[in-house]
file entry.txt (compact mmCIF, C-alpha atoms and all ligand atoms)
# COMPACT_ATOMS: atom_id res chain seq x y z
CA MET A 1 42.64 44.04 -60.93
CA ALA A 2 40.49 40.98 -61.29
CA ALA A 3 41.89 40.50 -64.79
CA THR A 4 45.10 39.25 -63.18
CA CYS A 5 43.11 36.42 -61.67
CA ALA A 6 41.20 35.50 -64.81
CA GLY A 7 44.13 33.70 -66.38
CA CYS A 8 43.91 30.93 -63.85
CA HIS A 9 40.48 31.27 -62.27
CA GLY A 10 38.54 32.05 -65.44
CA THR A 11 37.05 35.32 -66.62
CA GLN A 12 34.73 36.79 -64.02
CA GLY A 13 35.94 34.19 -61.59
CA ARG A 14 34.00 31.41 -63.23
CA LEU A 15 35.55 28.02 -63.46
CA GLU A 16 36.86 27.13 -66.86
CA SER A 17 39.59 24.69 -66.05
CA SER A 18 38.65 22.34 -63.25
CA GLU A 19 42.12 22.54 -61.68
CA PHE A 20 41.45 25.96 -60.23
CA ALA A 21 39.00 26.97 -57.55
CA PRO A 22 36.16 29.21 -58.75
CA LEU A 23 36.06 32.68 -57.19
CA ALA A 24 32.60 33.73 -58.36
CA GLY A 25 30.08 33.78 -55.55
CA MET A 26 32.71 33.19 -52.86
CA PRO A 27 31.62 34.94 -49.62
CA GLU A 28 33.58 38.16 -48.94
CA ALA A 29 34.85 37.04 -45.54
CA GLU A 30 36.03 33.71 -46.89
CA PHE A 31 37.81 35.37 -49.78
CA ILE A 32 39.61 37.85 -47.52
CA ARG A 33 40.63 35.11 -45.10
CA ALA A 34 42.00 32.99 -47.95
CA MET A 35 44.09 35.88 -49.29
CA ARG A 36 45.46 36.75 -45.84
CA ASP A 37 46.35 33.15 -45.13
CA TYR A 38 48.13 32.82 -48.46
CA ARG A 39 50.07 35.99 -47.78
CA SER A 40 51.17 34.92 -44.31
CA GLY A 41 51.97 31.41 -45.44
CA LYS A 42 49.39 29.91 -43.07
CA ARG A 43 47.70 28.37 -46.03
CA GLN A 44 49.83 26.15 -48.24
CA SER A 45 49.93 27.10 -51.88
CA THR A 46 52.02 26.74 -54.96
CA LEU A 47 51.04 29.98 -56.62
CA MET A 48 48.71 32.07 -54.51
CA GLY A 49 51.23 32.88 -51.78
CA ASN A 50 53.37 35.07 -53.99
CA LEU A 51 50.37 36.48 -55.75
CA ALA A 52 48.59 37.50 -52.56
CA LYS A 53 51.65 39.50 -51.47
CA GLY A 54 51.15 41.82 -54.40
CA PHE A 55 47.83 43.19 -53.14
CA SER A 56 47.02 45.59 -50.30
CA GLU A 57 44.21 45.01 -47.79
CA ARG A 58 42.08 47.55 -49.64
CA GLU A 59 42.61 45.85 -52.96
CA VAL A 60 41.76 42.46 -51.48
CA ALA A 61 38.56 43.93 -49.97
CA ALA A 62 37.59 45.42 -53.33
CA MET A 63 38.13 42.12 -55.10
CA ALA A 64 36.20 40.27 -52.39
CA ARG A 65 33.20 42.52 -53.07
CA TYR A 66 33.56 42.08 -56.79
CA PHE A 67 33.72 38.29 -56.78
CA ALA A 68 31.00 37.88 -54.14
CA ARG A 69 28.59 39.79 -56.39
CA ILE A 70 29.03 37.50 -59.38
CA LYS A 71 26.39 34.84 -59.59
CA GLN A 72 27.55 31.31 -60.15
C1 LIG B 101 49.02 31.58 -61.93
C2 LIG B 101 47.67 31.09 -61.68
C3 LIG B 101 46.82 31.87 -60.68
C4 LIG B 101 46.52 33.19 -60.73
C5 LIG B 101 46.98 34.25 -61.74
C6 LIG B 101 45.63 33.43 -59.61
N1 LIG B 101 45.42 32.26 -58.90
FE1 LIG B 101 44.24 32.04 -57.22
N2 LIG B 101 44.72 30.07 -57.12
C7 LIG B 101 45.61 29.43 -57.98
C8 LIG B 101 45.83 28.08 -57.49
C9 LIG B 101 46.73 27.04 -58.16
C10 LIG B 101 45.05 27.93 -56.32
C11 LIG B 101 45.01 26.73 -55.40
C12 LIG B 101 46.01 26.91 -54.27
C13 LIG B 101 47.47 26.88 -54.72
O1 LIG B 101 47.99 25.81 -55.00
O2 LIG B 101 48.10 27.97 -54.81
C14 LIG B 101 44.35 29.19 -56.12
C15 LIG B 101 43.45 29.46 -55.08
C16 LIG B 101 42.84 30.68 -54.85
C17 LIG B 101 41.89 30.97 -53.80
C18 LIG B 101 41.31 29.99 -52.79
C19 LIG B 101 40.02 29.42 -53.37
C20 LIG B 101 39.26 28.57 -52.38
O3 LIG B 101 38.27 27.96 -52.84
O4 LIG B 101 39.60 28.50 -51.21
C21 LIG B 101 41.57 32.28 -53.87
C22 LIG B 101 40.63 33.07 -52.96
C23 LIG B 101 42.30 32.82 -55.00
N3 LIG B 101 43.06 31.83 -55.58
C24 LIG B 101 42.23 34.14 -55.40
C25 LIG B 101 42.93 34.68 -56.49
C26 LIG B 101 42.88 36.08 -56.84
C27 LIG B 101 42.08 37.13 -56.13
C28 LIG B 101 43.68 36.22 -57.93
C29 LIG B 101 44.02 37.53 -58.65
C30 LIG B 101 44.64 38.55 -57.84
C31 LIG B 101 44.24 34.92 -58.24
N4 LIG B 101 43.75 34.01 -57.34
C32 LIG B 101 45.09 34.66 -59.30
C33 LIG B 101 46.18 29.96 -59.12
C34 LIG B 101 46.14 31.29 -59.53

call {"tool": "encode", "arguments": {"input": "entry.txt", "output": "structure tokens", "more": "lines below"}}
Ligand code: HEC
result
Amino acid sequence: MAATCAGCHGTQGRLESSEFAPLAGMPEAEFIRAMRDYRSGKRQSTLMGNLAKGFSEREVAAMARYFARIKQ
């Protein structure tokens, strides 16, 4: 799943292009909140809103665990 994110956020969530926020090492709770807010439209976004709609709560939780475990 995380491969979908690598195109913009870098492989393994590390920052490769400075335009995009790094996901590696992001706390689980913060990650989940960000994805929920994108999905509901509470958080403004150009791209992440549509993207976040494509994932279930369980998938978001799994990705949160995955990215939080990667060391920056
Ligand atoms: C098409 C490019 C693109 C893809 C693919 C993409 N993102 Fe993003 N992401 C962005 C952009 C751009 C932002 C900044 C907010 C905005 O304008 O949408 C962002 C912001 C975020 C943030 C907030 C970061 C912060 O520091 O608050 C999270 C979390 C995030 N993305 C998660 C993901 C996840 C998880 C995936 C894979 C399912 C993903 N993104 C795939 C472009 C992308």

call {"tool": "residues_near_ligand", "arguments": {"input": "entry.txt", "ligand": "ligand LIG 101 (chain B)", "cutoff": "7 Å", "atoms": "all atoms listed in the file", "output": "number ranges by chain"}}
result
A: 1-2, 4-9, 20-23, 31, 34-35, 44-49, 51-52, 63

call {"tool": "atom_distance", "arguments": {"input": "entry.txt", "atom1": "CA of Ile70 (chain A)", "atom2": "CA of Lys42 (chain A)"}}
result
27.2 Å

call {"tool": "residues_around", "arguments": {"input": "entry.txt", "residues": "Phe67 (chain A)", "least_positions_apart": "6", "cutoff": "9 Å", "atoms": "all atoms listed in the file", "output": "ChimeraX atom specification"}}
result
/A:2,12-13,23-28,31

call {"tool": "closest_residue", "arguments": {"input": "entry.txt", "among": "A:Ala3, A:Glu30, A:Ala68, A:Arg36", "to": "Phe55 (chain A)", "atoms": "only C-alpha atoms"}}
result
A:Arg36

call {"tool": "atom_distance", "arguments": {"input": "entry.txt", "atom1": "CA of Asp37 (chain A)", "atom2": "CA of Lys53 (chain A)"}}
result
10.4 Å

call {"tool": "atom_distance", "arguments": {"input": "entry.txt", "atom1": "CA of Glu59 (chain A)", "atom2": "CA of Ile32 (chain A)"}}
result
10.1 Å

call {"tool": "axis_aligned_box", "arguments": {"input": "entry.txt", "around": "region 30-40 of chain A", "padding_each_side": "3 Å", "output": "lines of an AutoDock Vina configuration file"}}
result
center_x = 43.6
center_y = 35.3
center_z = -47.0
size_x = 21.1
size_y = 11.0
size_z = 11.5

call {"tool": "build_atoms", "arguments": {"input": "entry.txt", "residues": "region 20-36 of chain A", "atoms": "N, CA and C atoms", "output": "PDB file, keeping the file's coordinate frame"}}
result
ATOM      1  N   PHE A  20      41.408  24.780 -61.079  1.00  0.00           N
ATOM      2  CA  PHE A  20      41.450  25.960 -60.230  1.00  0.00           C
ATOM      3  C   PHE A  20      40.114  26.219 -59.554  1.00  0.00           C
ATOM      4  N   ALA A  21      40.198  26.675 -58.328  1.00  0.00           N
ATOM      5  CA  ALA A  21      39.000  26.970 -57.550  1.00  0.00           C
ATOM      6  C   ALA A  21      38.253  28.153 -58.168  1.00  0.00           C
ATOM      7  N   PRO A  22      36.923  28.089 -58.239  1.00  0.00           N
ATOM      8  CA  PRO A  22      36.160  29.210 -58.750  1.00  0.00           C
ATOM      9  C   PRO A  22      36.076  30.310 -57.693  1.00  0.00           C
ATOM     10  N   LEU A  23      36.138  31.557 -58.131  1.00  0.00           N
ATOM     11  CA  LEU A  23      36.060  32.680 -57.190  1.00  0.00           C
ATOM     12  C   LEU A  23      34.674  33.296 -57.177  1.00  0.00           C
ATOM     13  N   ALA A  24      33.928  33.114 -58.262  1.00  0.00           N
ATOM     14  CA  ALA A  24      32.600  33.730 -58.360  1.00  0.00           C
ATOM     15  C   ALA A  24      31.686  33.231 -57.259  1.00  0.00           C
ATOM     16  N   GLY A  25      31.046  34.152 -56.568  1.00  0.00           N
ATOM     17  CA  GLY A  25      30.080  33.780 -55.550  1.00  0.00           C
ATOM     18  C   GLY A  25      30.720  33.409 -54.217  1.00  0.00           C
ATOM     19  N   MET A  26      32.038  33.509 -54.123  1.00  0.00           N
ATOM     20  CA  MET A  26      32.710  33.190 -52.860  1.00  0.00           C
ATOM     21  C   MET A  26      32.388  34.289 -51.847  1.00  0.00           C
ATOM     22  N   PRO A  27      31.956  33.925 -50.627  1.00  0.00           N
ATOM     23  CA  PRO A  27      31.620  34.940 -49.620  1.00  0.00           C
ATOM     24  C   PRO A  27      32.802  35.864 -49.335  1.00  0.00           C
ATOM     25  N   GLU A  28      32.515  37.167 -49.149  1.00  0.00           N
ATOM     26  CA  GLU A  28      33.580  38.160 -48.940  1.00  0.00           C
ATOM     27  C   GLU A  28      34.550  37.755 -47.846  1.00  0.00           C
ATOM     28  N   ALA A  29      34.009  37.356 -46.692  1.00  0.00           N
ATOM     29  CA  ALA A  29      34.850  37.040 -45.540  1.00  0.00           C
ATOM     30  C   ALA A  29      35.781  35.873 -45.843  1.00  0.00           C
ATOM     31  N   GLU A  30      35.239  34.901 -46.560  1.00  0.00           N
ATOM     32  CA  GLU A  30      36.030  33.710 -46.890  1.00  0.00           C
ATOM     33  C   GLU A  30      37.153  34.077 -47.849  1.00  0.00           C
ATOM     34  N   PHE A  31      36.834  34.919 -48.803  1.00  0.00           N
ATOM     35  CA  PHE A  31      37.810  35.370 -49.780  1.00  0.00           C
ATOM     36  C   PHE A  31      38.959  36.119 -49.094  1.00  0.00           C
ATOM     37  N   ILE A  32      38.605  37.053 -48.211  1.00  0.00           N
ATOM     38  CA  ILE A  32      39.610  37.850 -47.520  1.00  0.00           C
ATOM     39  C   ILE A  32      40.482  36.965 -46.643  1.00  0.00           C
ATOM     40  N   ARG A  33      39.861  36.020 -45.943  1.00  0.00           N
ATOM     41  CA  ARG A  33      40.630  35.110 -45.100  1.00  0.00           C
ATOM     42  C   ARG A  33      41.610  34.284 -45.937  1.00  0.00           C
ATOM     43  N   ALA A  34      41.140  33.797 -47.081  1.00  0.00           N
ATOM     44  CA  ALA A  34      42.000  32.990 -47.950  1.00  0.00           C
ATOM     45  C   ALA A  34      43.210  33.797 -48.404  1.00  0.00           C
ATOM     46  N   MET A  35      42.987  35.052 -48.804  1.00  0.00           N
ATOM     47  CA  MET A  35      44.090  35.880 -49.290  1.00  0.00           C
ATOM     48  C   MET A  35      45.080  36.207 -48.175  1.00  0.00           C
ATOM     49  N   ARG A  36      44.560  36.464 -46.971  1.00  0.00           N
ATOM     50  CA  ARG A  36      45.460  36.750 -45.840  1.00  0.00           C
ATOM     51  C   ARG A  36      46.291  35.530 -45.497  1.00  0.00           C
TER      52      ARG A  36
END
